[in-house]
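Raw contents of structure_21.tsv, TSV, C-alpha atoms and all ligand atoms:
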chain	number	residue	atom	x	y	z
W	99	MET	CA	-23.98	-11.07	14.38
W	100	SER	CA	-26.66	-13.47	13.24
W	101	ARG	CA	-26.98	-16.96	14.58
W	102	PHE	CA	-26.08	-18.16	11.08
W	103	LEU	CA	-22.53	-16.81	10.97
W	104	ASN	CA	-19.92	-19.50	10.57
W	105	PRO	CA	-18.32	-19.78	14.03
W	106	ARG	CA	-14.94	-19.63	12.31
W	107	TYR	CA	-15.53	-15.89	11.85
W	108	GLU	CA	-16.99	-15.07	15.24
W	109	LYS	CA	-13.77	-13.54	16.50
W	110	LEU	CA	-12.62	-11.98	13.25
W	111	THR	CA	-11.48	-8.38	13.72
W	112	PRO	CA	-11.81	-6.61	10.38
W	113	TYR	CA	-9.48	-3.98	8.99
W	114	THR	CA	-10.30	-0.40	10.01
W	115	PRO	CA	-9.99	1.80	6.94
W	116	GLY	CA	-9.08	5.46	7.34
W	117	GLU	CA	-12.10	7.75	7.46
W	118	GLN	CA	-13.69	8.77	4.16
W	119	PRO	CA	-15.98	11.45	5.63
W	120	GLN	CA	-19.05	12.43	3.65
W	121	ASP	CA	-20.30	15.17	6.00
W	122	ARG	CA	-17.93	18.05	5.37
W	123	ARG	CA	-14.82	18.92	3.42
W	124	TYR	CA	-11.59	18.11	5.18
W	125	ILE	CA	-8.01	18.48	4.15
W	126	LYS	CA	-7.56	14.74	3.81
W	127	LEU	CA	-4.13	13.64	4.93
W	128	ASN	CA	-5.24	10.30	6.35
W	129	THR	CA	-5.30	7.59	3.67
W	130	ASN	CA	-2.24	8.25	1.52
W	131	GLU	CA	-4.17	9.11	-1.62
W	132	SER	CA	-2.51	11.30	-4.22
W	133	PRO	CA	-3.30	15.02	-4.12
W	134	TYR	CA	-3.08	15.03	-7.93
W	135	PRO	CA	-5.69	13.78	-10.39
W	136	PRO	CA	-5.14	10.86	-12.76
W	137	SER	CA	-3.35	11.84	-16.00
W	138	GLU	CA	-5.20	13.57	-18.83
W	139	GLY	CA	-4.83	10.37	-20.84
W	140	VAL	CA	-6.55	8.31	-18.15
W	141	LEU	CA	-9.37	10.83	-17.78
W	142	ALA	CA	-9.83	10.96	-21.56
W	143	GLU	CA	-9.93	7.15	-21.65
W	144	LEU	CA	-12.63	7.16	-18.97
W	145	ASN	CA	-14.66	9.85	-20.75
W	146	ARG	CA	-14.46	7.97	-24.03
W	147	GLN	CA	-16.41	5.10	-22.46
W	148	SER	CA	-20.12	5.28	-23.22
W	149	GLY	CA	-21.05	2.83	-20.53
W	150	GLU	CA	-22.76	0.68	-23.11
W	151	GLU	CA	-19.98	-1.90	-22.93
W	152	LEU	CA	-20.73	-2.40	-19.27
W	153	ARG	CA	-23.33	-4.97	-20.26
W	154	LEU	CA	-20.37	-7.22	-21.12
W	155	TYR	CA	-18.10	-8.89	-18.57
W	156	SER	CA	-14.53	-7.72	-18.35
W	157	ASP	CA	-11.77	-9.88	-19.85
W	158	PRO	CA	-11.17	-12.58	-17.23
W	159	GLN	CA	-7.56	-12.88	-18.43
W	160	ALA	CA	-6.98	-9.10	-18.36
W	161	ALA	CA	-4.70	-9.91	-21.28
W	162	ARG	CA	-4.18	-6.41	-22.64
W	163	LEU	CA	-3.24	-4.92	-19.26
W	164	LYS	CA	-1.02	-7.87	-18.35
W	165	LYS	CA	0.90	-7.48	-21.60
W	166	LYS	CA	1.35	-3.77	-20.96
W	167	LEU	CA	2.61	-4.37	-17.42
W	168	ALA	CA	4.88	-7.17	-18.67
W	169	ASP	CA	6.44	-4.82	-21.26
W	170	PHE	CA	6.83	-2.16	-18.62
W	171	TYR	CA	8.74	-4.47	-16.28
W	172	GLN	CA	10.50	-6.47	-18.99
W	173	VAL	CA	8.95	-9.73	-17.88
W	174	GLU	CA	6.48	-12.07	-19.58
W	175	ASP	CA	2.70	-11.85	-19.44
W	176	GLU	CA	2.65	-15.06	-17.39
W	177	ASN	CA	4.63	-13.29	-14.66
W	178	ILE	CA	1.77	-10.85	-14.00
W	179	PHE	CA	-1.35	-11.17	-11.85
W	180	VAL	CA	-3.92	-8.35	-11.68
W	181	SER	CA	-6.29	-7.67	-8.84
W	182	ASN	CA	-9.03	-5.44	-7.47
W	183	GLY	CA	-6.65	-3.23	-5.52
W	184	SER	CA	-3.47	-4.74	-4.13
W	185	ASP	CA	-5.35	-5.77	-0.99
W	186	GLU	CA	-6.97	-8.46	-3.12
W	187	ALA	CA	-3.60	-9.69	-4.41
W	188	LEU	CA	-2.38	-9.83	-0.81
W	189	ASN	CA	-5.47	-11.77	0.23
W	190	PHE	CA	-4.94	-14.32	-2.56
W	191	ALA	CA	-1.26	-14.59	-1.65
W	192	PHE	CA	-2.09	-15.36	1.98
W	193	MET	CA	-4.70	-17.86	0.85
W	194	ALA	CA	-2.40	-19.53	-1.67
W	195	PHE	CA	0.95	-19.62	0.06
W	196	ALA	CA	0.45	-19.77	3.83
W	197	SER	CA	-0.81	-23.02	5.27
W	198	GLU	CA	-0.06	-22.78	8.98
W	199	SER	CA	1.75	-19.61	9.75
W	200	VAL	CA	2.94	-16.36	8.28
W	201	ALA	CA	5.51	-13.89	9.57
W	202	PHE	CA	5.38	-10.09	9.54
W	203	ALA	CA	6.46	-7.10	11.61
W	204	ASP	CA	4.71	-5.85	14.74
W	205	ILE	CA	4.36	-2.42	13.17
W	206	THR	CA	3.26	-2.71	9.57
W	207	TYR	CA	0.20	-2.64	7.31
W	208	GLY	CA	-2.82	-3.60	9.44
W	209	PHE	CA	-4.34	-5.86	6.83
W	210	TYR	CA	-1.68	-8.59	7.28
W	211	ARG	CA	-3.04	-9.39	10.72
W	212	VAL	CA	-6.58	-9.51	9.35
W	213	PHE	CA	-5.70	-11.84	6.46
W	214	ALA	CA	-3.80	-14.13	8.84
W	215	GLN	CA	-6.85	-14.37	11.07
W	216	LEU	CA	-9.24	-14.71	8.12
W	217	HIS	CA	-7.33	-17.72	6.82
W	218	GLY	CA	-6.83	-19.32	10.24
W	219	LEU	CA	-3.07	-18.79	10.21
W	220	GLN	CA	-0.76	-18.34	13.11
W	221	ALA	CA	0.79	-14.89	12.89
W	222	GLN	CA	4.45	-14.77	13.87
W	223	ILE	CA	4.94	-11.18	14.83
W	224	ILE	CA	8.54	-10.06	14.44
W	225	PRO	CA	9.18	-6.81	16.33
W	226	LEU	CA	10.94	-4.04	14.47
W	227	ARG	CA	14.15	-2.91	16.14
W	228	GLU	CA	14.17	-0.05	18.66
W	229	ASP	CA	14.61	2.55	15.87
W	230	PHE	CA	11.76	0.91	13.87
W	231	SER	CA	14.19	-0.57	11.36
W	232	LEU	CA	13.58	-4.08	10.05
W	233	ALA	CA	16.46	-6.53	10.37
W	234	VAL	CA	16.14	-9.37	7.85
W	235	GLU	CA	18.11	-11.71	10.17
W	236	ASP	CA	15.09	-11.65	12.46
W	237	TYR	CA	13.12	-13.54	9.78
W	238	GLU	CA	15.60	-16.33	9.23
W	239	ASN	CA	14.00	-18.85	11.55
W	240	THR	CA	10.35	-18.09	10.85
W	241	GLU	CA	7.87	-20.65	9.54
W	242	GLY	CA	5.91	-20.17	6.33
W	243	PRO	CA	5.99	-17.11	4.10
W	244	CYS	CA	6.97	-13.68	5.33
W	245	VAL	CA	5.27	-10.48	4.29
W	246	ILE	CA	7.22	-7.25	4.23
W	247	ALA	CA	5.96	-3.83	3.23
W	248	ASN	CA	8.83	-1.98	1.60
W	249	PRO	CA	8.87	0.90	2.27
W	250	ASN	CA	7.07	0.00	5.47
W	251	ALA	CA	3.83	1.62	6.62
W	252	PRO	CA	3.24	3.52	8.80
W	253	THR	CA	6.94	4.04	9.55
W	254	GLY	CA	7.90	5.04	5.99
W	255	LEU	CA	11.30	3.37	6.32
W	256	LEU	CA	12.89	1.72	3.28
W	257	LEU	CA	14.88	-1.50	3.33
W	258	PRO	CA	17.66	-1.59	0.70
W	259	LEU	CA	17.41	-4.19	-2.08
W	260	THR	CA	20.65	-5.81	-0.87
W	261	GLU	CA	18.85	-6.72	2.37
W	262	ILE	CA	15.87	-8.15	0.48
W	263	GLU	CA	18.25	-10.22	-1.59
W	264	LYS	CA	19.99	-11.47	1.56
W	265	LEU	CA	16.62	-12.62	2.87
W	266	LEU	CA	15.76	-14.36	-0.42
W	267	GLN	CA	19.08	-16.20	-0.38
W	268	SER	CA	18.97	-17.17	3.28
W	269	ASP	CA	16.27	-19.76	2.60
W	270	PRO	CA	15.07	-20.52	-0.94
W	271	GLN	CA	12.23	-22.58	0.60
W	272	ARG	CA	10.70	-19.52	2.21
W	273	LEU	CA	8.48	-17.27	0.10
W	274	VAL	CA	8.93	-13.53	0.54
W	275	ILE	CA	5.85	-11.44	-0.25
W	276	LEU	CA	7.01	-7.89	-0.80
W	277	ASP	CA	4.35	-5.18	-0.66
W	278	GLU	CA	5.66	-2.21	-2.65
W	279	ALA	CA	2.64	0.09	-2.33
W	280	TYR	CA	4.96	3.08	-1.75
W	281	ILE	CA	7.99	2.13	-3.83
W	282	ASP	CA	7.62	5.07	-6.26
W	283	PHE	CA	8.36	7.68	-3.59
W	284	GLY	CA	12.08	7.09	-3.25
W	285	GLY	CA	12.85	3.37	-3.45
W	286	ASP	CA	13.89	0.93	-6.18
W	287	THR	CA	11.54	-1.89	-7.02
W	288	ALA	CA	12.57	-5.50	-6.48
W	289	VAL	CA	10.53	-6.63	-9.51
W	290	PHE	CA	13.65	-7.54	-11.53
W	291	LEU	CA	14.71	-9.90	-8.73
W	292	THR	CA	11.67	-12.08	-9.53
W	293	LYS	CA	13.63	-13.27	-12.58
W	294	HIS	CA	16.34	-14.67	-10.35
W	295	TYR	CA	14.38	-15.80	-7.30
W	296	ASP	CA	11.32	-18.01	-7.53
W	297	ASN	CA	10.64	-17.36	-3.83
W	298	LEU	CA	9.79	-13.70	-4.37
W	299	LEU	CA	6.36	-12.21	-5.06
W	300	VAL	CA	6.21	-8.42	-5.50
W	301	ILE	CA	2.87	-6.65	-5.07
W	302	GLN	CA	2.13	-3.11	-6.25
W	303	THR	CA	-0.85	-0.81	-6.53
W	304	TYR	CA	-2.25	2.01	-8.66
W	305	SER	CA	-3.78	3.58	-5.54
W	306	LYS	CA	-0.92	5.77	-4.36
W	307	SER	CA	1.53	6.99	-6.99
W	308	ARG	CA	-0.91	6.57	-9.90
W	309	SER	CA	-3.86	8.45	-8.37
W	310	LEU	CA	-6.37	5.62	-8.88
W	311	ALA	CA	-7.34	4.58	-5.34
W	312	GLY	CA	-11.03	4.75	-6.28
W	313	ALA	CA	-10.60	2.58	-9.37
W	314	ARG	CA	-9.20	-0.37	-7.36
W	315	LEU	CA	-6.26	-1.82	-9.24
W	316	GLY	CA	-3.25	-3.76	-8.04
W	317	TYR	CA	-0.93	-6.43	-9.39
W	318	ALA	CA	1.64	-9.01	-8.44
W	319	VAL	CA	4.83	-10.00	-10.25
W	320	GLY	CA	6.54	-13.32	-9.70
W	321	CYS	CA	7.71	-16.53	-11.37
W	322	LYS	CA	5.16	-18.28	-13.56
W	323	ALA	CA	4.38	-21.02	-11.05
W	324	LEU	CA	3.52	-18.50	-8.32
W	325	ILE	CA	1.30	-16.56	-10.72
W	326	ARG	CA	-0.47	-19.76	-11.82
W	327	ASP	CA	-1.27	-20.50	-8.17
W	328	LEU	CA	-2.76	-17.05	-7.71
W	329	GLU	CA	-4.77	-17.46	-10.91
W	330	LEU	CA	-6.12	-20.78	-9.64
W	331	LEU	CA	-7.59	-19.02	-6.62
W	332	ARG	CA	-8.81	-16.02	-8.59
W	333	PHE	CA	-10.69	-18.28	-11.01
W	334	ALA	CA	-12.10	-20.10	-7.99
W	335	THR	CA	-13.29	-16.82	-6.48
W	336	ASN	CA	-14.03	-14.11	-9.03
W	337	PRO	CA	-12.60	-14.32	-12.56
W	338	TYR	CA	-14.00	-10.83	-13.34
W	339	ASN	CA	-12.29	-9.21	-10.38
W	340	VAL	CA	-11.19	-6.09	-12.27
W	341	ASN	CA	-13.90	-4.10	-14.04
W	342	ARG	CA	-13.72	-2.98	-17.68
W	343	LEU	CA	-13.17	0.73	-16.99
W	344	THR	CA	-10.38	0.07	-14.53
W	345	LEU	CA	-8.60	-2.29	-16.94
W	346	LYS	CA	-8.58	0.48	-19.54
W	347	MET	CA	-7.44	3.18	-17.14
W	348	GLY	CA	-4.69	0.93	-15.82
W	349	TYR	CA	-3.43	0.34	-19.35
W	350	ARG	CA	-3.49	4.02	-20.22
W	351	ALA	CA	-1.76	5.11	-17.02
W	352	LEU	CA	1.35	3.19	-18.07
W	353	GLU	CA	1.61	5.40	-21.15
W	354	ASP	CA	1.66	8.49	-18.97
W	355	GLN	CA	4.64	7.55	-16.83
W	356	ALA	CA	6.28	10.95	-17.23
W	357	TYR	CA	3.27	12.61	-15.62
W	358	TYR	CA	3.23	10.21	-12.67
W	359	ARG	CA	6.98	10.45	-12.19
W	360	GLU	CA	6.67	14.22	-12.00
W	361	ASN	CA	3.85	13.89	-9.43
W	362	CYS	CA	6.05	11.64	-7.31
W	363	ARG	CA	8.89	14.14	-7.56
W	364	ARG	CA	6.60	16.94	-6.37
W	365	ILE	CA	5.28	14.81	-3.53
W	366	MET	CA	8.82	13.94	-2.40
W	367	GLU	CA	9.78	17.62	-2.56
W	368	THR	CA	6.72	18.59	-0.49
W	369	ARG	CA	7.54	15.77	1.93
W	370	GLU	CA	11.03	17.12	2.57
W	371	TYR	CA	9.67	20.65	2.97
W	372	THR	CA	7.02	19.46	5.46
W	373	LYS	CA	9.55	17.39	7.39
W	374	LYS	CA	11.85	20.37	7.83
W	375	GLU	CA	9.00	22.58	8.98
W	376	LEU	CA	7.75	19.93	11.42
W	377	GLU	CA	11.24	19.62	12.86
W	378	THR	CA	11.30	23.37	13.36
W	379	LEU	CA	8.09	22.93	15.39
W	380	GLY	CA	9.85	20.32	17.54
W	381	PHE	CA	8.50	17.18	15.89
W	382	HIS	CA	10.63	14.13	15.30
W	383	CYS	CA	9.98	12.46	11.94
W	384	LEU	CA	11.21	9.09	10.71
W	385	ASP	CA	13.09	9.08	7.40
W	386	SER	CA	10.22	8.58	4.98
W	387	LYS	CA	10.57	7.14	1.49
W	388	THR	CA	6.79	7.23	1.03
W	389	ASN	CA	4.01	9.77	0.45
W	390	PHE	CA	3.50	10.23	4.20
W	391	LEU	CA	5.42	11.28	7.29
W	392	PHE	CA	5.37	9.47	10.61
W	393	ALA	CA	5.91	12.15	13.23
W	394	GLU	CA	5.82	12.54	17.01
W	395	HIS	CA	6.05	15.47	19.41
W	396	SER	CA	6.97	15.27	23.09
W	397	ALA	CA	4.25	17.79	24.04
W	398	ILE	CA	1.24	15.95	22.59
W	399	SER	CA	0.54	12.32	21.75
W	400	GLY	CA	-1.04	10.93	18.59
W	401	GLY	CA	-4.68	10.68	19.70
W	402	PRO	CA	-5.11	14.25	21.01
W	403	LEU	CA	-3.18	15.70	18.07
W	404	TYR	CA	-5.43	13.82	15.65
W	405	GLU	CA	-8.53	15.16	17.49
W	406	ARG	CA	-7.37	18.76	17.49
W	407	LEU	CA	-6.41	18.67	13.84
W	408	LYS	CA	-9.80	17.20	13.01
W	409	GLU	CA	-11.54	20.10	14.82
W	410	ARG	CA	-9.61	22.34	12.46
W	411	GLY	CA	-10.76	20.42	9.39
W	412	ILE	CA	-7.61	18.36	8.88
W	413	LEU	CA	-7.59	14.58	8.95
W	414	VAL	CA	-4.50	12.56	9.77
W	415	ARG	CA	-4.17	9.00	11.06
W	416	TYR	CA	-3.02	7.74	14.41
W	417	PHE	CA	-2.68	4.19	15.67
W	418	ASP	CA	-3.75	3.23	19.15
W	419	SER	CA	-1.06	0.61	19.65
W	420	PRO	CA	1.72	0.48	22.24
W	421	ARG	CA	4.91	1.44	20.42
W	422	ILE	CA	3.46	4.14	18.19
W	423	ARG	CA	0.84	5.95	20.28
W	424	SER	CA	2.90	9.14	20.28
W	425	PHE	CA	2.91	9.33	16.47
W	426	VAL	CA	0.58	10.56	13.77
W	427	ARG	CA	0.83	9.56	10.13
W	428	ILE	CA	0.45	12.51	7.80
W	429	THR	CA	-0.17	11.97	4.09
W	430	ILE	CA	1.71	14.38	1.84
W	431	GLY	CA	-0.88	16.51	0.08
W	432	SER	CA	-0.38	19.54	-2.13
W	433	ARG	CA	1.96	22.29	-0.98
W	434	GLU	CA	-1.07	24.43	0.02
W	435	GLU	CA	-2.61	21.61	2.05
W	436	MET	CA	0.67	21.06	3.88
W	437	GLU	CA	0.97	24.77	4.65
W	438	ALA	CA	-2.53	24.70	6.16
W	439	PHE	CA	-1.61	21.60	8.15
W	440	LEU	CA	1.62	23.14	9.46
W	441	GLN	CA	-0.24	26.30	10.45
W	442	ALA	CA	-2.80	24.24	12.37
W	443	ALA	CA	-0.07	22.16	14.05
W	444	ALA	CA	1.73	25.34	15.13
W	445	GLU	CA	-1.51	26.74	16.62
W	446	ILE	CA	-2.22	23.52	18.49
W	447	LEU	CA	1.28	23.49	19.97
W	448	ALA	CA	1.00	27.16	20.94
W	449	ASP	CA	-2.24	26.36	22.82
W	450	ILE	CA	-0.65	23.77	25.11
W	501	LIG	C1	-2.50	1.37	0.53
W	501	LIG	C2	-1.79	0.08	0.79
W	501	LIG	C3	-2.12	-1.11	0.14
W	501	LIG	C4	-3.34	-1.38	-0.66
W	501	LIG	O1	-3.91	-0.60	-1.41
W	501	LIG	P1	-4.98	-0.95	-2.51
W	501	LIG	O2	-5.74	0.31	-2.60
W	501	LIG	O3	-5.79	-2.11	-2.06
W	501	LIG	O4	-4.18	-1.27	-3.71
W	501	LIG	C5	-1.35	-2.23	0.34
W	501	LIG	N1	-0.31	-2.20	1.16
W	501	LIG	C6	0.04	-1.10	1.82
W	501	LIG	C7	1.21	-1.15	2.71
W	501	LIG	C8	-0.71	0.06	1.67
W	501	LIG	O5	-0.40	1.14	2.38

Translate this structure into structure tokens?
Ligand SMILES: *Cc1c(COP(=O)(O)O)cnc(C)c1O
Amino acid sequence: MSRFLNPRYEKLTPYTPGEQPQDRRYIKLNTNESPYPPSEGVLAELNRQSGEELRLYSDPQAARLKKKLADFYQVEDENIFVSNGSDEALNFAFMAFASESVAFADITYGFYRVFAQLHGLQAQIIPLREDFSLAVEDYENTEGPCVIANPNAPTGLLLPLTEIEKLLQSDPQRLVILDEAYIDFGGDTAVFLTKHYDNLLVIQTYSKSRSLAGARLGYAVGCKALIRDLELLRFATNPYNVNRLTLKMGYRALEDQAYYRENCRRIMETREYTKKELETLGFHCLDSKTNFLFAEHSAISGGPLYERLKERGILVRYFDSPRIRSFVRITIGSREEMEAFLQAAAEILADI
């Protein structure tokens, strides 16, 4: 670090993204991207762009996309915030709504810890229960907003909407930030609850179920006052946060819902197939409602399994942290990719 760095950031530990290797081709089951391409409509939209318009800034209001999302969710345009990936919406939400502390689970999306540190907040870490389930009662006496990924990552477990609603009702003064990055793989969105609860902000992304991780697009839905606060910070940071091409692709993707729904159905089907096969190999998998499986085997822990799969050209993710060292997180790829993964896992187990 240079001698010029603001001392406030000296101890900042940044987020560690999953590998995006450029050296060789891997079967990439490590960052929860979709194995399927964006819809034909989205690709056609992209190809229609000459690039000439790139000399112009994007619409700082993102009005066309907001209206489309508002129609999709049956809310008003003023209930929608759009962002450069949902990580950016999360960052603005931490910045806007947490002043001293913020509560989240011990095992959840790694970025929450980073944002808490970045904004000088005290993180109240609420341990998941023994079986990795989240009990909303555990959040009832926390200070400041709470952030919950639902379904959670990397566990894959889904909290029912009735539990979310219980949490919202338990203290109307506490904001609940609900990160629904994986909601399309077996859960029901809480977006409609934002009409009844002004202490709920729901955040979603185009990166997982809509095959646009590389385009960077996310959004938040909440009451108008919450959205105005987010807009205040966006206009104080980067009013052109979403580029022109991405705005157009995001709009078009909403017209191709049938395609994306079918992709999610296939991914869920492949997930259940993979889970069954892993169990046959002696793995224990948590009940995933996402596009990944969180699996452990008594014969090999997460780190060594990750290494051996990588030698065989397959990337998964493991987390070097106390409660989950025995696990690996496996993104659900295509059926063929999962067959290759299962074959490799079987060989590794046979070797030990
Ligand atoms: C992938 C992911 C995100 C963010 O993705 P973006 O690409 O920034 O939209 C947010 N939350 C969770 C839990 C995720 O897994």

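Counting only C-alpha atoms and comparing W:Tyr317, W:Phe439, W:Phe170, W:Phe390, the residue that lies closest to Ile412 (chain W) is W:Phe439.
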
For the interface of chain W with ligand LIG 501 (chain W) (cut-off 6 Å, counting all atoms listed in the file), please tabulate each contacting residue of chain W alongside its nearest pair of atoms and their separation in Å to one decimal, rows sorted by chain and increasing number, as CSV.
residue,atom,partner,partner_atom,distance
W:Gly183,CA,W:LIG501,O4,3.6
W:Ser184,CA,W:LIG501,O4,3.6
W:Asp185,CA,W:LIG501,O3,3.8
W:Tyr207,CA,W:LIG501,C7,4.9
W:Ala247,CA,W:LIG501,C7,5.5
W:Ala251,CA,W:LIG501,C7,5.5
W:Asp277,CA,W:LIG501,N1,5.8
W:Ala279,CA,W:LIG501,C6,5.0
W:Thr303,CA,W:LIG501,O4,4.4
W:Ser305,CA,W:LIG501,O2,4.8
W:Ala311,CA,W:LIG501,O2,5.3
W:Arg314,CA,W:LIG501,O2,5.9
W:Leu315,CA,W:LIG501,O4,5.9
W:Gly316,CA,W:LIG501,O4,5.1

Sorted per-residue table, region 215-331 of chain W near region 119-137 of chain W, closest atoms and distance, 10 Å, all atoms listed in the file, as a tab-separated table:
residue	atom	partner	partner_atom	distance
W:Tyr280	CA	W:Asn130	CA	9.4
W:Ser305	CA	W:Glu131	CA	6.8
W:Lys306	CA	W:Glu131	CA	5.4
W:Ser307	CA	W:Ser132	CA	6.5
W:Arg308	CA	W:Pro136	CA	6.7
W:Ser309	CA	W:Pro136	CA	5.2
W:Leu310	CA	W:Pro136	CA	6.6
W:Ala311	CA	W:Glu131	CA	6.7
W:Gly312	CA	W:Glu131	CA	9.4

Sphere at (17.1, -10.2, 1.8), radius 12 Å, counting only C-alpha atoms: residues as a ChimeraX atom specification = /W:232-238,244,246,248,257-270,272-276,288,291,295,297-298

Among listed residues W:Phe283, W:Phe381, W:Phe190, W:Tyr304, nearest Gly400 (chain W) (using only C-alpha atoms) =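 Of W:Phe283, W:Phe381, W:Phe190, W:Tyr304, the one nearest Gly400 (chain W), counting only C-alpha atoms, is W:Phe381.
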
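Of the listed residues (W:Arg415, W:Lys164, W:Arg332, W:Arg342), W:Arg332 comes nearest to Ala191 (chain W); the distances count only C-alpha atoms.
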
Pairwise distance for CA of Leu188 (chain W) and CA of Phe425 (chain W), rounded to one decimal in Å =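 CA of Phe425 (chain W) lies at a distance of 26.3 Å from CA of Leu188 (chain W).
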
Residue contacts of Phe230 (chain W) (8 Å, all atoms listed in the file) excluding same-chain residues fewer than 2 positions away, as a list of chain:residue names |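 Listed by chain and then number, they are W:Leu226, W:Arg227, W:Glu228, W:Leu232, W:Thr253, W:Leu255.
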